[in-house]
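As structure tokens, the structure follows; a few thoughts come after it.
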Amino acid sequence: MEGLFFLADIILMLLLVLAIFRSERKPSSEDLGLFAYKADDGLERQAGETGEASHDA
Amino acid sequence: MRDLVLLAAMLLFVPLSMTNAFIAYLLCGWVSVLSPAYYLYGFMDDVRFNLIFAVITISVLIVGRDRFKNRLGYANPTVLLMLLFMVHGILCALFAYPGNPLNETLAIQFVKTLIYCLLAPLLLTTRFRLHALLLMLALGLGFHGVVEGLKVIKSAGGHRPLGIPSSMMSDNNQLAVAMVMALPIFFYLYQYSQRKLVRIAFLCTIAFTVACVLGTTSRGGLVGLLALALWFVVTSRHKFAALALTLFLGVTTVAVAPENMFSRVSSMQDIESDSSFMGRVAAWKISSAVALKNPALGGGFHAIQYTPIWDAYRYEQGLLGWIATPPPDERGKAAHNIFFEVLGDLGFIGLGLFGLLFLNAFRARAEVRRLTRGGRWLWARDMSDMLFLAIFAYMISGSAVSMAYFEPFYVILMAMEMLRQWVRHESRRMADSTGHRGEQ
């Protein structure tokens with residue numbers, strides 16, 4: 001089991017590195033591939049927010 | 001087999017890292033927290049992976065071109081504090097008590113950690129890169145959480161994670177602190193990952209990591225988990241749902257977990273008769289006594305773990321003379337608290353700088369929250385919250401463990417600073433463009 005997860009971790013790191021390599025070669029590209037993050041949707045989320053908190057339960 | 005897999009990966013990692021300093025930087029951090037040497041049994045276990053990537057990072061930074069280099073500037077309070085802390089640490093190591101074999105090894109490790117962090121302002125210049133840095137930490141620390149957590153679950157609580165010997169998480173308590181500290185990072189990545197599969201993976205990582213922390217039977221780890229749960233409930237937008245979820249998870253864990261998992265923790269109720277805890281207080285007394293004797297430079301790295309130094313201060317009461325403790329052990333022991341560890345090792349100046357690093361991070365978080373008011377860059381606000389929580393978890397859980405020089409902690413401090421610099425930079429840019437529009 002440990003070996004499989006070790007292999008998976010290496011593959012995931014490789015995917016991350018390849019995504020950075022690809023993205024940083026293109027101007028104004030910010031695509032992390034599998035690990036892509038959500039766009040800044042602050043204004044919409046803020047509308048439903050009560051003040052202090054900012055994360056979902 | 002594992003060695004061959006890693007060799008094949010290295011054949012891809014090395015050329016890729018030569019094209020981009022940030023890739024080399026991430027790989028250097030990843031191998032440092034993953035500690036692959038512990039999981040390898042063949043020809044690769046002697047390879048110094050982080051040295052390879054450190055050399056590549058610095059070389060590419062010197063000769064190569066980074067399109068985001070110096071975008072946010074280099075001078076900031078965290079850089080200044082880390083530089084002072086590093087110089088002070090070197091002086092402490094040079095003027096340390098002679099004969100302590102740990103002094104030199106730890107001093108070198110300490111300097112390497114801070115140099116790694118001091119390179120960050122050159123590289124952590126965009127949201128993309130900050131997110132990638134958190135992913136790197138998650139892939140490095142999450143691996144231990146998932147593997148050890150699964151072993152705990154599979155053995156129905158029988159397996160006790162004892163740490164990763166070749167790393168700075170070399171015992172169960174240190175592993176527990178590292179895992180508690182990683183949980184907010186996993187949560188941020190769960191919140192902000194776009195793909196559902198990745199979000200589910202981070203949720204599972206959180207669950208397995210909690211199992212790993214419980215499996216260590218570390219009291220510091222459990223206190224850290226409770227502090228995180230409390231923060232989660234108090235600051236959540238949906239307090240009842242958060243409270244119900246936390247209670248459900250807590251009750252399920254207590255009901256399912258075997259008795260031995262909580263037997264050590266229940267001894268916390270009677271601290272005065274807990275020999276393990278009182279032994280720690282005795283170590284804090286000795287650490288503070290070393291600092292009182294050497295207020296500026298302390299006794300050197302992990303001085304009290306060296307039996308002759310421990311022996312010389314064995315019956316000193318230091319700053320905690322008002323607490324009665326049984327006679328200390330005859331052999332040198334760890335300080336068992338990050339603050340007393342720094343106090344004994346690096347004196348009052350070192351402790352002051354260490355405290356300022358925390359304070360500066362808390363101020364950075366407050367500034368990010370102030371600048372992101374009104375709904376813009378909510379991701380930055382959430383990231384600052386989660387980085388703060390990781391620092392807070394380290395502070396709480398670290399009060400019973402010696403791991404003041406733990407690399408991910410300093411990386412998180414620097415990430416918080418660079419997040420502040422990014423938000424400042426964007427706020428200024430936005431204000432300038434609004435001003436220009438107003439003039440027209």
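Ligands are numbered from 1 in the order shown, chains are lettered A, B, ... in the order of the structure tokens, and residues start at 1 in each chain.
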Q: Assign secondary structure with DSSP using the backbone only, and return the residues of segment 59-284 of chain B in helix (DSSP H, G or I) as a ChimeraX atom specification.
A: /B:59-63,77-94,101-118,120-123,127-154,172-192,196-215,219-235,239-256,260-273,275-284
(Q) Within 7 Å of chain A, which residues belong to chain B? Use only C-alpha atoms and report them as number ranges by chain. (A) B: 2, 23, 128, 139, 143, 147, 192-194, 235-238, 241-242, 375-379, 382
Can you write out the residues you just picked, keeping N, CA and C atoms, as a PDB file, in the first residue's frame?
ATOM      1  N   ARG B   2      10.763   0.976  -5.975  1.00  0.00           N
ATOM      2  CA  ARG B   2      10.541   2.393  -5.661  1.00  0.00           C
ATOM      3  C   ARG B   2      11.714   3.235  -6.151  1.00  0.00           C
ATOM      4  N   ILE B  23      10.022  25.817 -10.401  1.00  0.00           N
ATOM      5  CA  ILE B  23       9.828  24.356 -10.384  1.00  0.00           C
ATOM      6  C   ILE B  23      10.913  23.712  -9.499  1.00  0.00           C
ATOM      7  N   PHE B 128      -1.010  32.137  -8.647  1.00  0.00           N
ATOM      8  CA  PHE B 128      -0.680  30.842  -9.265  1.00  0.00           C
ATOM      9  C   PHE B 128       0.443  30.138  -8.484  1.00  0.00           C
ATOM     10  N   LEU B 139       1.237  17.842  -1.041  1.00  0.00           N
ATOM     11  CA  LEU B 139       1.705  16.565  -1.600  1.00  0.00           C
ATOM     12  C   LEU B 139       2.815  15.961  -0.732  1.00  0.00           C
ATOM     13  N   PHE B 143       1.127  13.069   2.041  1.00  0.00           N
ATOM     14  CA  PHE B 143       1.519  11.670   1.822  1.00  0.00           C
ATOM     15  C   PHE B 143       1.648  10.941   3.162  1.00  0.00           C
ATOM     16  N   VAL B 147      -0.903   7.889   4.298  1.00  0.00           N
ATOM     17  CA  VAL B 147      -0.349   6.540   4.496  1.00  0.00           C
ATOM     18  C   VAL B 147      -0.475   6.105   5.956  1.00  0.00           C
ATOM     19  N   TYR B 192     -10.716  25.596  -2.723  1.00  0.00           N
ATOM     20  CA  TYR B 192     -10.407  26.344  -3.939  1.00  0.00           C
ATOM     21  C   TYR B 192     -10.030  25.499  -5.152  1.00  0.00           C
ATOM     22  N   SER B 193      -9.968  24.173  -5.012  1.00  0.00           N
ATOM     23  CA  SER B 193      -9.676  23.360  -6.196  1.00  0.00           C
ATOM     24  C   SER B 193     -10.907  23.334  -7.088  1.00  0.00           C
ATOM     25  N   GLN B 194     -10.653  23.400  -8.381  1.00  0.00           N
ATOM     26  CA  GLN B 194     -11.771  23.483  -9.314  1.00  0.00           C
ATOM     27  C   GLN B 194     -12.407  22.127  -9.580  1.00  0.00           C
ATOM     28  N   THR B 235     -15.730  30.468  13.528  1.00  0.00           N
ATOM     29  CA  THR B 235     -15.632  31.387  12.394  1.00  0.00           C
ATOM     30  C   THR B 235     -16.464  30.968  11.183  1.00  0.00           C
ATOM     31  N   SER B 236     -17.147  29.850  11.283  1.00  0.00           N
ATOM     32  CA  SER B 236     -17.909  29.392  10.115  1.00  0.00           C
ATOM     33  C   SER B 236     -19.143  30.263   9.889  1.00  0.00           C
ATOM     34  N   ARG B 237     -19.517  30.388   8.618  1.00  0.00           N
ATOM     35  CA  ARG B 237     -20.730  31.131   8.288  1.00  0.00           C
ATOM     36  C   ARG B 237     -21.957  30.345   8.719  1.00  0.00           C
ATOM     37  N   HIS B 238     -21.821  28.997   8.722  1.00  0.00           N
ATOM     38  CA  HIS B 238     -22.959  28.145   9.080  1.00  0.00           C
ATOM     39  C   HIS B 238     -22.607  27.454  10.389  1.00  0.00           C
ATOM     40  N   ALA B 241     -24.367  24.085  11.413  1.00  0.00           N
ATOM     41  CA  ALA B 241     -23.927  22.965  10.573  1.00  0.00           C
ATOM     42  C   ALA B 241     -22.498  22.560  10.956  1.00  0.00           C
ATOM     43  N   ALA B 242     -21.636  23.577  11.186  1.00  0.00           N
ATOM     44  CA  ALA B 242     -20.246  23.290  11.547  1.00  0.00           C
ATOM     45  C   ALA B 242     -20.170  22.592  12.900  1.00  0.00           C
ATOM     46  N   GLY B 375     -15.168  42.395  -0.575  1.00  0.00           N
ATOM     47  CA  GLY B 375     -15.428  41.275  -1.473  1.00  0.00           C
ATOM     48  C   GLY B 375     -14.380  40.977  -2.514  1.00  0.00           C
ATOM     49  N   ARG B 376     -13.329  41.827  -2.642  1.00  0.00           N
ATOM     50  CA  ARG B 376     -12.344  41.496  -3.679  1.00  0.00           C
ATOM     51  C   ARG B 376     -11.285  40.547  -3.108  1.00  0.00           C
ATOM     52  N   TRP B 377     -10.768  39.726  -3.971  1.00  0.00           N
ATOM     53  CA  TRP B 377      -9.726  38.750  -3.644  1.00  0.00           C
ATOM     54  C   TRP B 377     -10.092  37.923  -2.406  1.00  0.00           C
ATOM     55  N   LEU B 378     -11.259  37.361  -2.449  1.00  0.00           N
ATOM     56  CA  LEU B 378     -11.686  36.538  -1.309  1.00  0.00           C
ATOM     57  C   LEU B 378     -10.757  35.343  -1.121  1.00  0.00           C
ATOM     58  N   TRP B 379     -10.195  34.856  -2.224  1.00  0.00           N
ATOM     59  CA  TRP B 379      -9.260  33.731  -2.114  1.00  0.00           C
ATOM     60  C   TRP B 379      -8.076  34.117  -1.223  1.00  0.00           C
ATOM     61  N   ASP B 382      -9.160  34.051   2.354  1.00  0.00           N
ATOM     62  CA  ASP B 382      -9.274  32.666   2.841  1.00  0.00           C
ATOM     63  C   ASP B 382      -7.896  32.035   3.007  1.00  0.00           C
TER      64      ASP B 382
END
Q: May I have the residues within 10 Å of segment 279-287 of chain B as a VMD selection string, using only C-alpha atoms and disregarding those fewer than 5 positions away in the same chain?
A: chain B and resid 274 292 298 to 299 302 to 305 309 to 321 323 to 329 332 to 337 339 to 345 347 400 to 401
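Of the residues under consideration (B:Leu357, B:Ala24, B:Ile153, B:Val63), B:Leu357 shows the shortest atom-to-atom contact distance to Leu84 of chain B when counting only C-alpha atoms.
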**Q.** Test item: residues at most 7 Å from Thr125 of chain B, only C-alpha atoms, excluding those fewer than 5 positions along its chain, as a list in words
**A.** Phe68, Arg71, Leu72, Met418 and Trp422 of chain B
Would you mind exporting C-alpha atoms of the selected residues as a PDB file, in the first residue's frame?
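Final output, again-v7.pdb:
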ATOM      1  CA  PHE B  68       7.934  37.240 -12.396  1.00  0.00           C
ATOM      2  CA  ARG B  71       7.742  41.745  -9.127  1.00  0.00           C
ATOM      3  CA  LEU B  72       6.798  42.359  -5.498  1.00  0.00           C
ATOM      4  CA  MET B 418       4.198  37.193   0.107  1.00  0.00           C
ATOM      5  CA  TRP B 422       0.694  40.601  -3.435  1.00  0.00           C
TER       6      TRP B 422
END
Q | Atomic distance atom CA of Val234 of chain B - atom CA of Ala201 of chain B, expressed in Å with one decimal | A | 25.5 Å
Q) Which is closer to Gly300 of chain B than all the others in B:Leu387, B:Leu119, B:Leu94, B:Ala393, using only C-alpha atoms? A)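 Closest to Gly300 of chain B of all the choices is B:Leu94.
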Q.
Ranking B:Phe13, B:Leu122, B:Met386, B:Phe202 by minimum distance to Leu15 of chain A and counting only C-alpha atoms, which one comes first?
A. B:Phe13
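Residues in contact with segment 179-182 of chain B at 9 Å, where only C-alpha atoms are counted and same-chain residues fewer than 4 positions away are skipped, are listed as Leu137, Ala138, Leu141, Gly142, His144, Gly145, Gln174, Leu175, Phe186, Phe187, Ile206, Thr209, Val210, Cys212, Val213, Gly221, Leu222, Gly224, Leu225, Leu228, Leu389, Ala390, Ile391, Phe392, Ala393, Tyr394, Ser397, Pro408 and Phe409 of chain B.
One distance worth recording is that between atom CA of Thr253 of chain B and atom CA of Lys151 of chain B, which is 15.7 Å.
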